[in-house]
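Data first, discussion second: the structure below is written as structure tokens.
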Amino acid sequence: MKSGSWLKVSTYSGYTYQMVTKKISESFAFREAMTQAEDHLAREVLERVTARWSLSVLRVLAEANGPLRFSRVLERVESISQKALTHALRTLERDGLLTRTLYPQVPPRVEYELTTLGRDLLTPLASLWGWISGRLPEFAAAQAPRRDL
């Protein structure tokens, strides 16, 4: 048995902090004021924003700091297909995170640009991405096959 006080079998007291639990529950207190429909919409948007290609598309448009044509976004998002990019762009446009501007010329020209809402989203997303990046060894260790079972 390791040193320290044990609460239950395999529950070490070092992992049980009332302040942490309270702080986490307070972080989600905003949900209490949401209707069921608002909560559902928030979950849908979160799911779409964190979808496979959405973050990369948002990052590319943010780095461009202005409008980009479809082909330029396609070039800059590594390994994405035209179909996947079209789906990601339509989804992000539907959620109000980017605008699609069609110029009626031959051939038609379409440009995409982040909206204010899309730019505002990048700050918390960058924080989350940075938090994950800083803990990659911990995630890799957690996902590694366990040999002690």
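If you're wondering about the labels, chains in the structure tokens are A, B, ... by order shown, residues count from 1 in each chain, ligands from 1 in order shown.
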Helix (DSSP H, G or I) call set, DSSP backbone run, region 68-114 of chain A, as a ChimeraX atom specification: /A:70-76,82-94
Long-range neighbours of Phe30 (chain A) as a list in words, 12 Å cut-off, only C-alpha atoms, 6 positions minimum in chain: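 So the residues in contact are Ile24, Glu38, Asp39 and Ala42 of chain A.
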Nearest to Leu41 (chain A), chosen from A:Asp95, A:Arg76, A:Glu63, A:Leu136, with only C-alpha atoms counted in the distances: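 Ranking A:Asp95, A:Arg76, A:Glu63, A:Leu136 by distance to Leu41 (chain A), first place goes to A:Asp95.
Here CA of Glu111 (chain A) and CA of Pro67 (chain A) stand 5.7 Å from one another.
Within chain A, residues classed as strand (DSSP E) by DSSP on backbone coordinates are Trp6, Leu7, Lys8, Thr11, Tyr12, Leu68, Arg69, Leu98, Thr99, Arg100, Thr101, Leu102, Tyr103, Arg109, Val110, Glu111, Tyr112, Glu113 and Leu114 of chain A.
Going from CA of Arg109 (chain A) to CA of Leu122 (chain A) covers 26.4 Å.
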Long-range neighbours of Leu61 (chain A) as a ChimeraX atom specification, 10 Å cut-off, only C-alpha atoms, 6 positions minimum in chain: /A:55,67-68,72-73,76-77,98,112-114,118-119
